[in-house]
Amino acid sequence: MAIQRYEGTGRMSRAVVNNGTIYLCGQTCAEGDIIEQTKGVLAKIEELLEKYGSDKRHMLSVTIYLRDMKDFEAMNSVWDAWVEAGHEPARACVEARLAREHLLVEMSVTAAEK
């Protein structure tokens with residue numbers, strides 16, 4: 001099966017599908033505080049997964065990048081309400097300098113196709 005790349009920009013693809021696995025580029029949301037940005041990121045993830053043949057129940061792993069670990073609990077409050085029990089992906093969360101000063105959270109997702 002050929003690797004399929006979607007929504008390429010010349011620098012990256014928003015999604016890559018290979019052998020039944022979907023890889024999403026890092027998703028961000030530029031509006032609001034950590035709660036609002038986390039909600040926005042998760043909405044984008046759901047939309048992209050659906051668009052390319054998956055959903056949040058099929059997530060395999062998520063890497064979460066926080067500008068400041070002080071936002072860990074607030075981000076988790078949104079995450080915990082969003083992720084379905086029994087369908088939690090493997091997850092890592094690290095503090096990182098993000099591409100733009102106003103970004104507070106970024107998530108990169110790998111999921112199985114439905």
# chains A, B, ... in the order shown; residues from 1 in each chain; ligands from 1

call {"tool": "residues_around", "arguments": {"residues": "A:Leu24", "least_positions_apart": "5", "cutoff": "10 Å", "atoms": "only C-alpha atoms", "output": "list in words"}}
result
Tyr6, Ser13, Arg14, Ala15, Val16, Val17, Ile45, Leu48, Leu49, Tyr52, Val62, Met107, Ser108, Val109, Thr110 and Ala111 of chain A

call {"tool": "residues_around", "arguments": {"residues": "A:Leu103", "least_positions_apart": "6", "cutoff": "9 Å", "atoms": "only C-alpha atoms", "output": "list in words"}}
result
Thr28, Cys29, Ala30, Glu31, Ile34, Gln37, Leu66 and Arg67 of chain A

call {"tool": "write_last_selection", "arguments": {"atoms": "C-alpha atoms", "output": "mmCIF file, in the first residue's frame"}}
result
data_model
loop_
_atom_site.group_PDB
_atom_site.id
_atom_site.type_symbol
_atom_site.label_atom_id
_atom_site.label_comp_id
_atom_site.auth_asym_id
_atom_site.auth_seq_id
_atom_site.Cartn_x
_atom_site.Cartn_y
_atom_site.Cartn_z
ATOM 1 C CA THR A 28 -2.792 23.961 17.756
ATOM 2 C CA CYS A 29 -5.439 26.565 18.469
ATOM 3 C CA ALA A 30 -4.433 30.204 18.746
ATOM 4 C CA GLU A 31 -7.455 31.529 20.639
ATOM 5 C CA ILE A 34 -5.327 26.819 28.050
ATOM 6 C CA GLN A 37 -6.980 26.152 23.297
ATOM 7 C CA LEU A 66 2.648 22.456 26.834
ATOM 8 C CA ARG A 67 4.280 25.867 26.834
#

call {"tool": "residues_around", "arguments": {"residues": "A:Ala96", "least_positions_apart": "2", "cutoff": "12 Å", "atoms": "only C-alpha atoms", "output": "PyMOL selection string"}}
result
chain A and resi 63-69+93-94+98-101+103-107

call {"tool": "write_last_selection", "arguments": {"atoms": "C-alpha atoms", "output": "PDB file, in the first residue's frame"}}
result
ATOM      1  CA  THR A  63       2.146  13.563  22.390  1.00  0.00           C
ATOM      2  CA  ILE A  64       1.106  16.748  24.177  1.00  0.00           C
ATOM      3  CA  TYR A  65       3.378  19.777  24.225  1.00  0.00           C
ATOM      4  CA  LEU A  66       2.648  22.456  26.834  1.00  0.00           C
ATOM      5  CA  ARG A  67       4.280  25.867  26.834  1.00  0.00           C
ATOM      6  CA  ASP A  68       4.245  25.742  30.644  1.00  0.00           C
ATOM      7  CA  MET A  69       3.652  22.715  32.877  1.00  0.00           C
ATOM      8  CA  CYS A  93       3.197  15.248  27.893  1.00  0.00           C
ATOM      9  CA  VAL A  94       6.218  17.539  27.867  1.00  0.00           C
ATOM     10  CA  LEU A  98       6.058  26.229  20.828  1.00  0.00           C
ATOM     11  CA  ALA A  99       6.318  27.853  17.402  1.00  0.00           C
ATOM     12  CA  ARG A 100       4.440  31.000  18.390  1.00  0.00           C
ATOM     13  CA  GLU A 101       4.408  32.863  21.690  1.00  0.00           C
ATOM     14  CA  LEU A 103       0.322  28.992  21.624  1.00  0.00           C
ATOM     15  CA  LEU A 104      -0.119  27.159  24.925  1.00  0.00           C
ATOM     16  CA  VAL A 105      -0.685  23.560  23.776  1.00  0.00           C
ATOM     17  CA  GLU A 106       0.036  21.381  20.753  1.00  0.00           C
ATOM     18  CA  MET A 107      -0.931  17.733  20.228  1.00  0.00           C
TER      19      MET A 107
END

call {"tool": "select_by_dssp", "arguments": {"residues": "stretch 13-47 of chain A", "states": "alpha helix (DSSP H)", "output": "PDB file with N, CA and C atoms, in the first residue's frame"}}
result
ATOM      1  N   ILE A  34      -5.665  28.235  28.235  1.00  0.00           N
ATOM      2  CA  ILE A  34      -5.327  26.819  28.050  1.00  0.00           C
ATOM      3  C   ILE A  34      -6.584  25.954  27.885  1.00  0.00           C
ATOM      4  N   ILE A  35      -7.642  26.274  28.580  1.00  0.00           N
ATOM      5  CA  ILE A  35      -8.896  25.511  28.464  1.00  0.00           C
ATOM      6  C   ILE A  35      -9.448  25.647  27.047  1.00  0.00           C
ATOM      7  N   GLU A  36      -9.563  26.872  26.566  1.00  0.00           N
ATOM      8  CA  GLU A  36     -10.116  27.113  25.233  1.00  0.00           C
ATOM      9  C   GLU A  36      -9.216  26.541  24.143  1.00  0.00           C
ATOM     10  N   GLN A  37      -7.895  26.696  24.301  1.00  0.00           N
ATOM     11  CA  GLN A  37      -6.980  26.152  23.297  1.00  0.00           C
ATOM     12  C   GLN A  37      -7.039  24.626  23.273  1.00  0.00           C
ATOM     13  N   THR A  38      -7.112  23.998  24.434  1.00  0.00           N
ATOM     14  CA  THR A  38      -7.201  22.535  24.476  1.00  0.00           C
ATOM     15  C   THR A  38      -8.479  22.062  23.797  1.00  0.00           C
ATOM     16  N   LYS A  39      -9.601  22.699  24.082  1.00  0.00           N
ATOM     17  CA  LYS A  39     -10.864  22.343  23.424  1.00  0.00           C
ATOM     18  C   LYS A  39     -10.755  22.506  21.909  1.00  0.00           C
ATOM     19  N   GLY A  40     -10.127  23.591  21.465  1.00  0.00           N
ATOM     20  CA  GLY A  40      -9.958  23.830  20.040  1.00  0.00           C
ATOM     21  C   GLY A  40      -9.084  22.779  19.379  1.00  0.00           C
ATOM     22  N   VAL A  41      -7.995  22.396  20.036  1.00  0.00           N
ATOM     23  CA  VAL A  41      -7.097  21.368  19.508  1.00  0.00           C
ATOM     24  C   VAL A  41      -7.836  20.035  19.397  1.00  0.00           C
ATOM     25  N   LEU A  42      -8.562  19.666  20.422  1.00  0.00           N
ATOM     26  CA  LEU A  42      -9.280  18.383  20.396  1.00  0.00           C
ATOM     27  C   LEU A  42     -10.362  18.368  19.318  1.00  0.00           C
ATOM     28  N   ALA A  43     -11.007  19.490  19.087  1.00  0.00           N
ATOM     29  CA  ALA A  43     -11.997  19.573  18.009  1.00  0.00           C
ATOM     30  C   ALA A  43     -11.330  19.375  16.650  1.00  0.00           C
ATOM     31  N   LYS A  44     -10.157  19.969  16.462  1.00  0.00           N
ATOM     32  CA  LYS A  44      -9.419  19.793  15.202  1.00  0.00           C
ATOM     33  C   LYS A  44      -9.004  18.336  15.023  1.00  0.00           C
ATOM     34  N   ILE A  45      -8.562  17.710  16.092  1.00  0.00           N
ATOM     35  CA  ILE A  45      -8.150  16.305  16.024  1.00  0.00           C
ATOM     36  C   ILE A  45      -9.337  15.441  15.610  1.00  0.00           C
ATOM     37  N   GLU A  46     -10.477  15.643  16.247  1.00  0.00           N
ATOM     38  CA  GLU A  46     -11.672  14.867  15.885  1.00  0.00           C
ATOM     39  C   GLU A  46     -12.033  15.063  14.420  1.00  0.00           C
ATOM     40  N   GLU A  47     -11.994  16.290  13.953  1.00  0.00           N
ATOM     41  CA  GLU A  47     -12.348  16.597  12.563  1.00  0.00           C
ATOM     42  C   GLU A  47     -11.385  15.910  11.590  1.00  0.00           C
TER      43      GLU A  47
END

call {"tool": "closest_residue", "arguments": {"among": "A:Gly32, A:Thr9, A:His58, A:Ile22", "to": "A:Lys114", "atoms": "only C-alpha atoms"}}
result
A:His58

call {"tool": "closest_residue", "arguments": {"among": "A:Asp33, A:Asn18, A:Ala2, A:Arg11", "to": "A:Asp71", "atoms": "only C-alpha atoms"}}
result
A:Asp33

call {"tool": "closest_residue", "arguments": {"among": "A:Cys25, A:Met1, A:His87, A:Gly20", "to": "A:Gly53", "atoms": "only C-alpha atoms"}}
result
A:Gly20

call {"tool": "closest_residue", "arguments": {"among": "A:Arg91, A:Glu7, A:Trp82, A:Gly26", "to": "A:Arg57", "atoms": "only C-alpha atoms"}}
result
A:Trp82
